[in-house]
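J.: If you scroll down you'll find the structure; I have some questions about it.
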Amino acid sequence: MYSAQDTKSLQKETAGFMKKAEAENITAKEIEALRTILRFHEYRYYILNDPLITDYEYDQLFKALEKIEAGNPKLVTRDSPTQRVAKGLTKAFPTVPHLVPMLSLDNSYNSDDLIAFDRKAREATRLSKIEYCVEPKFDGGSLSLIYEDDMLVRGATRGNGVEGDEVTTNIRQIKSIPLSAKFSDYGLQTVEIRGEVLINKTNFAKYNAQLIEQGFAPLANPRNAAAGTLRIKDPEEVRRRNLEIFVYNISYFTTTKKTNKKSDVLQSHSGSLEMLWELGFRSPNKEKKVFKGIDDVIKYCHEFEVKRDELPYEIDGMVIKVNNVELQDKLGMTSHHPRWAIAYKFKARQATSKLLNVEFQVGRTGSITPVAKIQPVHIGGVTVSSISLFNEDVIKEKDLKIGDTVLVERAGDVIPYIVKSMAELRSGTEKKISFPKNCPVCGSKLFKEEGEAAWRCNNIECPAQVVERIIHFVSKDAMDIRGFGDANVRKFYELGLLNDIPGIYKLNFKKIGELEGFGQKSIDNLQSAIETSKKQPLHRLIFGLGIRFIGETSAKTLAQAVNHLLDFKKFSLEDLQNLDDVGPKVAGSIHHFFGNKSNIEMLEELEKLGLQLKNEKKQHVTDGNLGGQTFLFTGTLPTLKRSDAEAMVEENGGQILGGVSAKLNYLVVGEDAGSKLDKAKKLNTVRIISEDEFLKLIKKK
Ligand code: IVH
């Protein structure tokens, strides 16, 4: 396309444009010439895979063009390099060209498909047997990483396969991505790696639980969660979601030295996975297996399908790759997928069903959750008949109607959800879903707070809420009272044997014994589980109270902040917001809870009934054990040198903090103490002690 002569002159012109771009004096008249230059370099990138300028230089020219076009919208042409961006690409992050297009994979669904794939590969290479490397197909969002001179310089999403979104700041929040790696040991200078960003099943469930708690609809599946998180504008939020990565392919690299023995590993796919592992990346090095022939490949795929649910992350199949890179190159690729690799997809976890009805349930905080009742359908070994729709918005967004054919998905441990309704299959008899105006249980008028998605029943005495609060209190993650179970809570409530949380500790076991299905053994077990629960740590009790927006993590933070749960009565909104990860919403909710007289009476009653409202860990300190406690010194101490005092803290299992915060337990004050003392005084949570008192604490140990 470009002759050597063209190349030379275009390259010379490029240098000229680079200088002008830097000085920002490219004129509108030169716009077409600049486009020609950019097209030329795209060709070098995408077609020849032999760029003559760096990414940075390309970006500068591209930006210069964007700028001129922005100032001269009439001069924008459809074929301008700036218009390559496909629909659906977010504008929130800069669009970056991939060094190599990110292709997809061809799919196979059974042994015959794999046998056919192998036959074609053998025919094309004229080999009797081919060596394959088999690894999991991770179900997340694909990502390209670039390392230059051993440093991570860029991360980009797949986008349209040719260009993606530059998400470097976000991917720097993923801890399994090394910020530097010794590629130079292998003679590599610029490396582009492909991988899949995942959120593991546990973190996904936790994150969704938080969303539900806050009245939002949860994310549909870990794949959406991972892919979506990559494009969140707040890197802090990205960090909180705990993404992970598996890297599975080196798509591009340049070398530093011509000959480097170690770089021989790159001749096979399995070798490159090993190299990545050695360099500190999470590659499927342990999960991968190399086989000489398709039969063993098929066996391994089946083996893995059985293990699928045991894995901490989602996989949706296996990927079979010709191991020898030279053979891969020989096989080449179509515009869509490489001919040297194929995905073996596991059995679908989707099915269609009919939406029969929608019921409305009242949660423990009064939120009304619509629940879809569908014609029972078998997905991934489980029968699904009931699916939460979370809130009114979900019904609207998915345009659901009673009688609709719906696509249902259930991925591993993930709760089933409705992907979409199939509007094209409607007969016209489908019915609109109308959201109730009154609580389906107590009849109170429903309310919706501004900015919230959920309708609520504000009647705290609503029987549905009372029951749900008790169910939550006894649940596994809260007070963990085994043998109680939802059904028993409901039964005891209906029979008037249990009316509120303290009632759990006042149950009339004699009466329960008279109920059908309650033998002495189950009563003994229940009684002992209730008794044991009295000793549960404070954070479980806090979580169990079901205070709005308080999940397990914030319950732990709260428990750490006090010596006794009722200390929260004294906390101002500001005190609360000074605690780790406590924002205005959470602070408001706690403040509201502890400002309510009947809540305080309930807690006092629970304490009388023998529950642990003290923070046990903190009580240990008076016994002289500094384990886990935090200290800070301020001012000149009368006898101790600051460094000696700090060493004493550490020797006794305590920890020194860098400043006054809600995390601080003790501030040891000497002469001329300054702002730290003022700040600590403002925080209700810090104990201010003298050197003398400090020494007593240590001695008591
Ligand atoms: S290899 C040219 N290996 O699956 C090589 N892809 O459906 C193409 N994926 O876009 C990719 N696990 O995001 C490869 N072990 C694995 C993979 C994998 C997940 C994703 C990848 C790709 C998609 C294709």
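Letters A, B, ... mark the chains of the structure tokens in the order given; residue numbers begin at 1 per chain; ligand numbers begin at 1, in order shown.
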Residues within 6 Å of ligand 1 (only C-alpha atoms and all ligand atoms), as a list in words?

T.: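 What falls inside 6 Å of ligand 1 is Leu103, Ser104, Leu105, Glu135, Pro136, Lys137, Phe138, Asp139, Ser142, Glu196, Tyr248, Val319 and Pro338 of chain A.
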
J.: Suppose we keep C-alpha atoms; can you now write the selection as a PDB file, in the first residue's frame?

T.:
```
ATOM      1  CA  LEU A 103      -9.915 -11.010  18.556  1.00  0.00           C
ATOM      2  CA  SER A 104     -12.687 -13.203  19.787  1.00  0.00           C
ATOM      3  CA  LEU A 105     -12.685 -17.000  19.965  1.00  0.00           C
ATOM      4  CA  GLU A 135      -6.867 -23.678  30.173  1.00  0.00           C
ATOM      5  CA  PRO A 136     -10.041 -22.256  31.699  1.00  0.00           C
ATOM      6  CA  LYS A 137     -12.098 -19.660  29.883  1.00  0.00           C
ATOM      7  CA  PHE A 138     -12.543 -16.978  32.497  1.00  0.00           C
ATOM      8  CA  ASP A 139     -15.820 -15.124  32.566  1.00  0.00           C
ATOM      9  CA  SER A 142     -11.085  -8.684  28.801  1.00  0.00           C
ATOM     10  CA  GLU A 196      -9.548 -11.361  31.976  1.00  0.00           C
ATOM     11  CA  TYR A 248      -3.566 -15.725  29.422  1.00  0.00           C
ATOM     12  CA  VAL A 319      -9.848 -22.584  25.787  1.00  0.00           C
ATOM     13  CA  PRO A 338      -7.589 -17.124  15.571  1.00  0.00           C
TER      14      PRO A 338
END
```

J.: Quick one: everything within 7 Å of Ile688 (chain A), counting only C-alpha atoms, minus sequence neighbours fewer than 4 positions away in the same chain. Send it as a count of residues only.

T.: 4

J.: If you run DSSP on the backbone here, which positions in region 413-563 of chain A get strand (DSSP E or B)? Please write them as a PDB file with N, CA and C atoms, in the first residue's frame.

T.:
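Wrote result_23.pdb, looks like this:
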```
ATOM      1  N   TYR A 417     -31.523 -14.595  37.761  1.00  0.00           N
ATOM      2  CA  TYR A 417     -32.088 -13.296  37.407  1.00  0.00           C
ATOM      3  C   TYR A 417     -32.689 -13.344  36.013  1.00  0.00           C
ATOM      4  N   ILE A 418     -33.567 -12.388  35.756  1.00  0.00           N
ATOM      5  CA  ILE A 418     -34.176 -12.313  34.431  1.00  0.00           C
ATOM      6  C   ILE A 418     -33.314 -11.423  33.564  1.00  0.00           C
ATOM      7  N   VAL A 419     -32.794 -11.985  32.485  1.00  0.00           N
ATOM      8  CA  VAL A 419     -31.923 -11.211  31.603  1.00  0.00           C
ATOM      9  C   VAL A 419     -32.771 -10.209  30.818  1.00  0.00           C
ATOM     10  N   LYS A 420     -33.859 -10.730  30.233  1.00  0.00           N
ATOM     11  CA  LYS A 420     -34.736  -9.835  29.466  1.00  0.00           C
ATOM     12  C   LYS A 420     -36.077 -10.509  29.187  1.00  0.00           C
ATOM     13  N   SER A 421     -37.005  -9.687  28.754  1.00  0.00           N
ATOM     14  CA  SER A 421     -38.270 -10.277  28.308  1.00  0.00           C
ATOM     15  C   SER A 421     -38.187 -10.306  26.781  1.00  0.00           C
ATOM     16  N   LYS A 431     -50.054  -8.820  30.521  1.00  0.00           N
ATOM     17  CA  LYS A 431     -50.632  -7.773  31.390  1.00  0.00           C
ATOM     18  C   LYS A 431     -49.554  -6.919  32.041  1.00  0.00           C
ATOM     19  N   LYS A 432     -49.865  -5.650  32.195  1.00  0.00           N
ATOM     20  CA  LYS A 432     -48.962  -4.699  32.837  1.00  0.00           C
ATOM     21  C   LYS A 432     -48.803  -5.098  34.316  1.00  0.00           C
ATOM     22  N   ASN A 438     -50.125   0.337  48.591  1.00  0.00           N
ATOM     23  CA  ASN A 438     -50.156   0.072  50.031  1.00  0.00           C
ATOM     24  C   ASN A 438     -49.389  -1.196  50.364  1.00  0.00           C
ATOM     25  N   LYS A 445     -49.740   3.040  53.765  1.00  0.00           N
ATOM     26  CA  LYS A 445     -49.410   3.666  52.480  1.00  0.00           C
ATOM     27  C   LYS A 445     -47.896   3.543  52.249  1.00  0.00           C
ATOM     28  N   LEU A 446     -47.491   3.244  51.031  1.00  0.00           N
ATOM     29  CA  LEU A 446     -46.056   3.099  50.750  1.00  0.00           C
ATOM     30  C   LEU A 446     -45.433   4.447  50.414  1.00  0.00           C
ATOM     31  N   PHE A 447     -44.138   4.591  50.762  1.00  0.00           N
ATOM     32  CA  PHE A 447     -43.411   5.833  50.486  1.00  0.00           C
ATOM     33  C   PHE A 447     -42.142   5.533  49.717  1.00  0.00           C
ATOM     34  N   ARG A 456     -41.239   1.880  50.275  1.00  0.00           N
ATOM     35  CA  ARG A 456     -41.147   1.376  51.643  1.00  0.00           C
ATOM     36  C   ARG A 456     -42.451   1.470  52.408  1.00  0.00           C
ATOM     37  N   CYS A 457     -42.584   0.499  53.315  1.00  0.00           N
ATOM     38  CA  CYS A 457     -43.659   0.558  54.295  1.00  0.00           C
ATOM     39  C   CYS A 457     -42.997   1.127  55.545  1.00  0.00           C
TER      40      CYS A 457
END
```

J.: CA of Pro222 (chain A) and CA of Val582 (chain A) are how many Å apart?

T.: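 Value for the CA of Pro222 (chain A)-CA of Val582 (chain A) distance: 25.8 Å.
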
J.: Smallest atom-to-atom distance to Glu449 (chain A): which of A:Ser9, A:Leu573, A:Tyr300, A:Ser367, using only C-alpha atoms?

T.: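 Using only C-alpha atoms, the shortest distance to Glu449 (chain A) belongs to A:Ser367.
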
J.: What lies within 12 Å of Gly140 (chain A) using only C-alpha atoms, ignoring chain neighbours under 6 positions off, as a list in words?

T.: Thr157, Arg158, Gly195, Glu196, Val197, Leu198, Ile199, Asn200, Lys201, Phe204, Asn221, Pro222, Arg223, Asn224, Ala225, Ala226, Ala227, Gly228, Thr229, Leu230, Leu243, Glu244, Ile245, Phe246, Val247, Tyr313, Glu314, Ile315 and Asp316 of chain A

J.: According to DSSP computed on the backbone, where in region 46-186 of chain A is there helix (DSSP H, G or I)? Give the residues as a PyMOL selection string.

T.: chain A and resi 46-47+55-71+73-75+81-83+111-125+168-171+183-186

J.: Output the selection as a compact mmCIF listing (two decimals), in the first residue's frame - C-alpha atoms for each residue.

T.:
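As written to disk, part.txt reads:
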```
# COMPACT_ATOMS: atom_id res chain seq x y z
CA TYR A 46 -2.81 -2.68 12.80
CA ILE A 47 -1.79 -4.15 9.50
CA ASP A 55 1.88 5.10 21.22
CA TYR A 56 2.57 8.39 22.85
CA GLU A 57 3.51 10.04 19.58
CA TYR A 58 0.45 8.59 17.91
CA ASP A 59 -1.74 9.87 20.73
CA GLN A 60 -0.27 13.35 20.42
CA LEU A 61 -1.04 13.48 16.71
CA PHE A 62 -4.47 12.02 17.28
CA LYS A 63 -5.23 14.58 19.97
CA ALA A 64 -4.01 17.36 17.71
CA LEU A 65 -6.43 16.18 15.06
CA GLU A 66 -9.24 15.93 17.58
CA LYS A 67 -8.51 19.46 18.69
CA ILE A 68 -8.54 20.90 15.20
CA GLU A 69 -11.71 18.98 14.43
CA ALA A 70 -13.33 20.19 17.63
CA GLY A 71 -12.58 23.76 16.58
CA PRO A 73 -16.68 20.65 13.25
CA LYS A 74 -17.52 21.19 9.57
CA LEU A 75 -14.16 19.78 8.57
CA PRO A 81 -9.28 8.47 12.30
CA THR A 82 -11.10 10.25 15.12
CA GLN A 83 -14.36 8.72 13.94
CA SER A 111 -16.59 -33.44 21.47
CA ASP A 112 -17.47 -33.53 17.76
CA ASP A 113 -16.79 -29.80 17.43
CA LEU A 114 -13.39 -30.27 19.03
CA ILE A 115 -12.56 -33.25 16.83
CA ALA A 116 -13.44 -31.16 13.76
CA PHE A 117 -11.27 -28.29 15.04
CA ASP A 118 -8.34 -30.67 15.46
CA ARG A 119 -8.85 -32.22 12.02
CA LYS A 120 -8.81 -28.82 10.32
CA ALA A 121 -5.69 -27.77 12.23
CA ARG A 122 -3.90 -30.99 11.28
CA GLU A 123 -4.88 -30.70 7.65
CA ALA A 124 -3.67 -27.12 7.47
CA THR A 125 -0.34 -27.96 9.10
CA THR A 168 -4.88 2.56 33.49
CA THR A 169 -5.81 4.38 36.68
CA ASN A 170 -8.53 1.87 37.37
CA ILE A 171 -6.50 -1.22 36.67
CA PHE A 183 10.50 -8.59 31.39
CA SER A 184 14.03 -7.43 30.63
CA ASP A 185 15.27 -10.73 32.11
CA TYR A 186 13.66 -12.33 29.09
```

J.: Would you kindly return, as a PyMOL selection string, each protein, DNA or RNA residue with an atom no farther than 9 Å from any atom of Leu356 (chain A), considering only C-alpha atoms and excluding same-chain residues fewer than 3 positions away?

T.: chain A and resi 372-375+402-404
